[in-house]
file coords.cif (mmCIF, C-alpha atoms and all ligand atoms)
data_structure
loop_
_atom_site.label_atom_id
_atom_site.label_comp_id
_atom_site.auth_asym_id
_atom_site.auth_seq_id
_atom_site.Cartn_x
_atom_site.Cartn_y
_atom_site.Cartn_z
CA MET A 309 -103.08 -156.83 -90.81
CA LYS A 310 -104.31 -157.79 -94.22
CA ILE A 311 -108.01 -158.00 -95.02
CA ASN A 312 -108.76 -160.81 -97.42
CA TYR A 313 -112.12 -159.49 -98.48
CA SER A 314 -113.53 -156.05 -99.22
CA LEU A 315 -116.02 -154.45 -96.86
CA ILE A 316 -117.93 -152.99 -99.79
CA THR A 317 -118.19 -154.20 -103.33
CA ARG A 318 -116.99 -152.19 -106.28
CA ARG A 319 -120.61 -151.91 -107.41
CA THR A 320 -121.72 -150.46 -104.06
CA PHE A 321 -118.84 -147.99 -104.08
CA LEU A 322 -119.61 -146.79 -107.61
CA ASN A 323 -123.35 -146.59 -106.94
CA THR A 324 -122.73 -144.50 -103.81
CA LEU A 325 -120.37 -142.21 -105.68
CA LEU A 326 -122.80 -141.75 -108.56
CA GLY A 327 -125.76 -141.30 -106.20
CA GLY A 328 -123.91 -138.64 -104.20
CA TRP A 329 -122.93 -136.80 -107.34
CA LEU A 330 -126.50 -136.96 -108.67
CA LEU A 331 -127.92 -135.71 -105.37
CA ALA A 332 -125.47 -132.76 -105.29
CA PHE A 333 -126.28 -131.91 -108.93
CA LEU A 334 -130.05 -132.01 -108.40
CA SER A 335 -129.84 -129.98 -105.16
CA GLY A 336 -127.79 -127.27 -106.89
CA SER A 337 -130.17 -127.20 -109.85
CA PHE A 338 -133.21 -126.98 -107.61
CA LEU A 339 -131.67 -124.15 -105.58
CA ALA A 340 -130.81 -122.22 -108.74
CA LEU A 341 -134.35 -122.68 -110.05
CA PHE A 342 -135.84 -121.61 -106.74
CA LYS A 343 -133.73 -118.43 -106.66
CA PHE A 344 -134.74 -117.70 -110.25
CA ALA A 345 -138.44 -118.14 -109.44
CA PHE A 346 -138.32 -116.06 -106.23
CA PRO A 347 -135.51 -113.51 -106.66
CA THR A 348 -136.57 -111.24 -103.79
CA LEU A 349 -137.16 -113.95 -101.23
CA GLY A 350 -135.17 -113.24 -98.09
CA LYS A 351 -133.95 -109.85 -99.31
CA GLU A 352 -134.90 -106.69 -97.54
CA PRO A 353 -136.18 -103.67 -99.43
CA ASP A 354 -134.60 -100.22 -99.26
CA PHE A 355 -138.04 -98.70 -98.88
CA VAL A 356 -141.73 -99.57 -98.73
CA ILE A 357 -144.74 -97.47 -99.67
CA LEU A 358 -147.71 -97.69 -97.34
CA LYS A 359 -151.23 -96.68 -98.24
CA ASN A 360 -153.87 -95.84 -95.65
CA VAL A 361 -151.66 -93.15 -94.16
CA ASP A 362 -154.22 -92.31 -91.48
CA ASP A 363 -153.99 -95.82 -90.08
CA TYR A 364 -150.36 -95.14 -89.22
CA MET A 365 -150.44 -91.43 -88.39
CA ASN A 366 -153.46 -91.59 -86.11
CA ILE A 367 -152.44 -94.42 -83.82
CA PRO A 368 -152.82 -93.51 -80.16
CA PRO A 369 -149.74 -92.45 -78.19
CA ASN A 370 -147.70 -95.27 -76.66
CA SER A 371 -148.82 -97.81 -79.25
CA ILE A 372 -147.60 -99.45 -82.43
CA LYS A 373 -148.89 -100.45 -85.84
CA PRO A 374 -147.00 -103.15 -87.73
CA PHE A 375 -146.27 -103.14 -91.44
CA ALA A 376 -144.50 -105.49 -93.84
CA TRP A 377 -140.85 -104.62 -94.37
CA GLY A 378 -140.25 -107.08 -97.18
CA GLY A 379 -140.67 -110.43 -95.49
CA LYS A 380 -139.84 -108.98 -92.10
CA LEU A 381 -141.64 -106.98 -89.48
CA GLY A 382 -141.69 -103.21 -89.58
CA ILE A 383 -143.19 -101.19 -86.76
CA PHE A 384 -144.69 -97.75 -86.81
CA PHE A 385 -144.54 -96.46 -83.28
CA LYS A 386 -146.01 -93.40 -81.60
CA ARG A 387 -144.17 -92.57 -78.41
CA ALA A 388 -146.00 -91.28 -75.35
CA ASP A 389 -144.89 -87.73 -76.23
CA GLY A 390 -146.55 -88.09 -79.66
CA ALA A 391 -143.36 -88.50 -81.70
CA LEU A 392 -143.68 -90.99 -84.55
CA VAL A 393 -140.91 -93.47 -85.26
CA ALA A 394 -140.63 -96.17 -87.92
CA LEU A 395 -138.30 -99.03 -87.13
CA LYS A 396 -137.46 -102.56 -88.06
CA GLY A 397 -139.21 -104.89 -85.65
CA VAL A 398 -136.41 -107.41 -85.74
CA CYS A 399 -133.96 -107.94 -82.91
CA SER A 400 -130.32 -107.08 -83.60
CA HIS A 401 -129.18 -110.25 -81.85
CA MET A 402 -130.59 -113.17 -83.86
CA GLU A 403 -133.41 -111.55 -85.79
CA CYS A 404 -136.43 -112.55 -83.73
CA ASN A 405 -139.47 -110.33 -83.94
CA ILE A 406 -139.73 -107.89 -81.10
CA ALA A 407 -142.87 -106.84 -79.22
CA TYR A 408 -143.76 -103.51 -77.65
CA LYS A 409 -144.56 -103.45 -73.94
CA PRO A 410 -146.63 -100.27 -73.48
CA GLU A 411 -146.71 -100.50 -69.69
CA GLU A 412 -142.92 -100.41 -69.60
CA ARG A 413 -142.47 -98.26 -72.71
CA LYS A 414 -139.89 -100.65 -74.05
CA PHE A 415 -139.45 -103.17 -76.81
CA TYR A 416 -138.89 -106.75 -75.76
CA CYS A 417 -137.37 -109.65 -77.63
CA PRO A 418 -138.75 -112.92 -76.25
CA CYS A 419 -136.07 -115.14 -77.80
CA HIS A 420 -133.27 -114.32 -75.34
CA LYS A 421 -134.89 -111.64 -73.20
CA GLY A 422 -133.42 -108.63 -74.96
CA TRP A 423 -134.72 -105.14 -74.22
CA PHE A 424 -134.71 -101.90 -76.20
CA ASP A 425 -135.83 -98.47 -75.05
CA GLU A 426 -138.29 -96.18 -76.85
CA THR A 427 -135.57 -94.89 -79.14
CA GLY A 428 -134.59 -98.43 -80.17
CA LYS A 429 -131.39 -98.43 -78.11
CA ASN A 430 -130.38 -101.81 -76.73
CA ILE A 431 -130.49 -101.56 -72.95
CA LYS A 432 -130.52 -105.10 -71.56
CA GLY A 433 -129.79 -108.65 -72.63
CA PRO A 434 -127.75 -109.99 -75.53
CA PRO A 435 -128.68 -107.59 -78.40
CA PRO A 436 -125.36 -106.05 -79.52
CA LYS A 437 -126.73 -102.95 -81.19
CA PRO A 438 -129.85 -100.78 -81.44
CA LEU A 439 -132.86 -101.47 -83.61
CA GLU A 440 -132.73 -100.10 -87.14
CA ILE A 441 -134.60 -96.81 -87.37
CA PHE A 442 -136.15 -95.83 -90.69
CA GLU A 443 -136.93 -92.44 -92.16
CA TYR A 444 -140.43 -91.73 -93.34
CA THR A 445 -142.00 -89.10 -95.56
CA LEU A 446 -145.49 -88.28 -96.69
CA GLU A 447 -145.85 -87.84 -100.40
CA GLU A 448 -148.97 -87.71 -102.55
CA GLY A 449 -151.06 -89.29 -99.83
CA LYS A 450 -148.64 -92.15 -99.35
CA LEU A 451 -146.33 -92.95 -96.51
CA ILE A 452 -142.83 -93.80 -97.68
CA VAL A 453 -140.67 -95.64 -95.17
CA ALA A 454 -137.02 -95.96 -96.18
CA ARG A 455 -133.63 -96.90 -94.83
CA LYS A 456 -131.58 -93.94 -93.69
CA GLY A 457 -129.92 -92.23 -96.63
CA VAL A 458 -132.17 -93.78 -99.28
CA LYS A 459 -133.90 -91.18 -101.44
CA VAL A 460 -137.20 -92.30 -102.93
CA GLU A 461 -138.82 -90.51 -105.84
CA LEU A 462 -142.30 -91.56 -106.82
CA PRO A 463 -142.94 -91.70 -110.57
CA LYS A 464 -144.80 -88.68 -111.87
CA ALA A 465 -148.24 -89.60 -113.17
S1 LIG B 501 -132.80 -112.71 -80.77
FE1 LIG B 501 -133.42 -111.08 -79.56
S2 LIG B 501 -132.32 -111.31 -77.76
FE2 LIG B 501 -131.64 -112.93 -78.98
#
call {"tool": "encode", "arguments": {"input": "coords.cif", "output": "structure tokens", "more": "lines below"}}
Ligand code: FES
result
Amino acid sequence: MKINYSLITRRTFLNTLLGGWLLAFLSGSFLALFKFAFPTLGKEPDFVILKNVDDYMNIPPNSIKPFAWGGKLGIFFKRADGALVALKGVCSHMECNIAYKPEERKFYCPCHKGWFDETGKNIKGPPPKPLEIFEYTLEEGKLIVARKGVKVELPKA
């Protein structure tokens, strides 16, 4: 079957092509500028330094105190036996923030009903692996929370 007329004009075709190219170019430029302006956005740190050490060390047993792990949630947690644990408060399934349920002594992810025990081990629901546990040290009155294996040296004053 032969069509005797065009469904779109040459002008419309060229305008669409040029518009699409311009849109792709401007989007790429804007993204590059945005990444230049905010280079750490979305990246996680290897360590954070927390002041007000007592606020974290003196929390009551079976409770938590949150802190900023880059743009994500970090949790300082004192177990019922008094042991202190620092962990990433982000579910290993799809990165929702978790909450601590003191009455059950477990961490709960409300997104898909995932559960973690006091050690951060995934025990129920879809999370495929445990929560990330951090190491922490006290140095010069500061609390340094770091990924496992990361050595942090504070600059000497
Ligand atoms: S994101 Fe936590 S269970 Fe799915």
call {"tool": "closest_residue", "arguments": {"input": "coords.cif", "among": "A:Ala394, A:Ala388, A:Cys404, A:Leu322", "to": "A:Phe355", "atoms": "all atoms listed in the file"}}
result
A:Ala394
call {"tool": "closest_residue", "arguments": {"input": "coords.cif", "among": "A:Leu326, A:Leu339, A:Leu381, A:Ile431", "to": "A:Val356", "atoms": "all atoms listed in the file"}}
result
A:Leu381
call {"tool": "closest_atom_pairs", "arguments": {"input": "coords.cif", "of": "chain A", "to": "ligand LIG 501 (chain B)", "cutoff": "9 Å", "atoms": "only C-alpha atoms and all ligand atoms", "output": "JSON lines"}}
result
{"residue": "A:Val398", "atom": "CA", "partner": "B:LIG501", "partner_atom": "FE1", "distance": 7.8}
{"residue": "A:Cys399", "atom": "CA", "partner": "B:LIG501", "partner_atom": "FE1", "distance": 4.6}
{"residue": "A:Ser400", "atom": "CA", "partner": "B:LIG501", "partner_atom": "FE1", "distance": 6.5}
{"residue": "A:His401", "atom": "CA", "partner": "B:LIG501", "partner_atom": "S1", "distance": 4.5}
{"residue": "A:Met402", "atom": "CA", "partner": "B:LIG501", "partner_atom": "S1", "distance": 3.8}
{"residue": "A:Glu403", "atom": "CA", "partner": "B:LIG501", "partner_atom": "S1", "distance": 5.2}
{"residue": "A:Cys404", "atom": "CA", "partner": "B:LIG501", "partner_atom": "S1", "distance": 4.7}
{"residue": "A:Asn405", "atom": "CA", "partner": "B:LIG501", "partner_atom": "FE1", "distance": 7.5}
{"residue": "A:Ile406", "atom": "CA", "partner": "B:LIG501", "partner_atom": "FE1", "distance": 7.2}
{"residue": "A:Tyr416", "atom": "CA", "partner": "B:LIG501", "partner_atom": "FE1", "distance": 7.9}
{"residue": "A:Cys417", "atom": "CA", "partner": "B:LIG501", "partner_atom": "FE1", "distance": 4.6}
{"residue": "A:Pro418", "atom": "CA", "partner": "B:LIG501", "partner_atom": "FE1", "distance": 6.5}
{"residue": "A:Cys419", "atom": "CA", "partner": "B:LIG501", "partner_atom": "S1", "distance": 5.0}
{"residue": "A:His420", "atom": "CA", "partner": "B:LIG501", "partner_atom": "S2", "distance": 4.0}
{"residue": "A:Lys421", "atom": "CA", "partner": "B:LIG501", "partner_atom": "S2", "distance": 5.2}
{"residue": "A:Gly422", "atom": "CA", "partner": "B:LIG501", "partner_atom": "S2", "distance": 4.0}
{"residue": "A:Trp423", "atom": "CA", "partner": "B:LIG501", "partner_atom": "S2", "distance": 7.5}
{"residue": "A:Lys432", "atom": "CA", "partner": "B:LIG501", "partner_atom": "S2", "distance": 9.0}
{"residue": "A:Gly433", "atom": "CA", "partner": "B:LIG501", "partner_atom": "S2", "distance": 6.3}
{"residue": "A:Pro434", "atom": "CA", "partner": "B:LIG501", "partner_atom": "S2", "distance": 5.3}
{"residue": "A:Pro435", "atom": "CA", "partner": "B:LIG501", "partner_atom": "S2", "distance": 5.2}
{"residue": "A:Pro436", "atom": "CA", "partner": "B:LIG501", "partner_atom": "S2", "distance": 8.9}
call {"tool": "residues_around", "arguments": {"input": "coords.cif", "residues": "A:Leu392", "least_positions_apart": "2", "cutoff": "12 Å", "atoms": "only C-alpha atoms", "output": "CSV table (one decimal) with C-alpha atoms, keeping the file's coordinate frame"}}
result
chain,number,residue,atom,x,y,z
A,364,TYR,CA,-150.4,-95.1,-89.2
A,365,MET,CA,-150.4,-91.4,-88.4
A,366,ASN,CA,-153.5,-91.6,-86.1
A,367,ILE,CA,-152.4,-94.4,-83.8
A,368,PRO,CA,-152.8,-93.5,-80.2
A,369,PRO,CA,-149.7,-92.4,-78.2
A,370,ASN,CA,-147.7,-95.3,-76.7
A,371,SER,CA,-148.8,-97.8,-79.2
A,372,ILE,CA,-147.6,-99.4,-82.4
A,373,LYS,CA,-148.9,-100.4,-85.8
A,383,ILE,CA,-143.2,-101.2,-86.8
A,384,PHE,CA,-144.7,-97.8,-86.8
A,385,PHE,CA,-144.5,-96.5,-83.3
A,386,LYS,CA,-146.0,-93.4,-81.6
A,387,ARG,CA,-144.2,-92.6,-78.4
A,388,ALA,CA,-146.0,-91.3,-75.4
A,389,ASP,CA,-144.9,-87.7,-76.2
A,390,GLY,CA,-146.6,-88.1,-79.7
A,394,ALA,CA,-140.6,-96.2,-87.9
A,395,LEU,CA,-138.3,-99.0,-87.1
A,426,GLU,CA,-138.3,-96.2,-76.8
A,427,THR,CA,-135.6,-94.9,-79.1
A,441,ILE,CA,-134.6,-96.8,-87.4
A,442,PHE,CA,-136.2,-95.8,-90.7
A,443,GLU,CA,-136.9,-92.4,-92.2
A,444,TYR,CA,-140.4,-91.7,-93.3
A,445,THR,CA,-142.0,-89.1,-95.6
A,453,VAL,CA,-140.7,-95.6,-95.2
call {"tool": "closest_residue", "arguments": {"input": "coords.cif", "among": "A:Phe415, A:Phe346, A:Phe375, A:Phe338", "to": "A:Asn360", "atoms": "all atoms listed in the file"}}
result
A:Phe375
call {"tool": "atom_distance", "arguments": {"input": "coords.cif", "atom1": "atom CA of A:Lys396", "atom2": "atom CA of A:Pro463"}}
result
25.6 Å
call {"tool": "atom_distance", "arguments": {"input": "coords.cif", "atom1": "atom CA of A:Thr324", "atom2": "atom CA of A:Ser337"}}
result
19.8 Å
call {"tool": "closest_residue", "arguments": {"input": "coords.cif", "among": "A:Lys359, A:Arg319, A:Lys310, A:Lys409", "to": "A:Glu447", "atoms": "only C-alpha atoms"}}
result
A:Lys359
call {"tool": "residues_around", "arguments": {"input": "coords.cif", "residues": "A:Leu349", "least_positions_apart": "3", "cutoff": "9 Å", "atoms": "only C-alpha atoms", "output": "list of chain:residue names"}}
result
A:Lys343, A:Phe346, A:Glu352, A:Gly378, A:Gly379
call {"tool": "write_last_selection", "arguments": {"input": "coords.cif", "atoms": "C-alpha atoms", "output": "mmCIF file, keeping the file's coordinate frame"}}
result
data_model
loop_
_atom_site.group_PDB
_atom_site.id
_atom_site.type_symbol
_atom_site.label_atom_id
_atom_site.label_comp_id
_atom_site.auth_asym_id
_atom_site.auth_seq_id
_atom_site.Cartn_x
_atom_site.Cartn_y
_atom_site.Cartn_z
ATOM 1 C CA LYS A 343 -133.730 -118.430 -106.660
ATOM 2 C CA PHE A 346 -138.320 -116.060 -106.230
ATOM 3 C CA GLU A 352 -134.900 -106.690 -97.540
ATOM 4 C CA GLY A 378 -140.250 -107.080 -97.180
ATOM 5 C CA GLY A 379 -140.670 -110.430 -95.490
#
call {"tool": "atom_distance", "arguments": {"input": "coords.cif", "atom1": "atom CA of A:Gly449", "atom2": "atom CA of A:Ile357"}}
result
10.3 Å
call {"tool": "closest_residue", "arguments": {"input": "coords.cif", "among": "A:Leu439, A:Ala340, A:Ala345, A:Val460", "to": "A:Gly382", "atoms": "only C-alpha atoms"}}
result
A:Leu439
call {"tool": "closest_residue", "arguments": {"input": "coords.cif", "among": "A:Ala376, A:Val393, A:Ala407, A:Val361", "to": "A:Leu446", "atoms": "only C-alpha atoms"}}
result
A:Val361
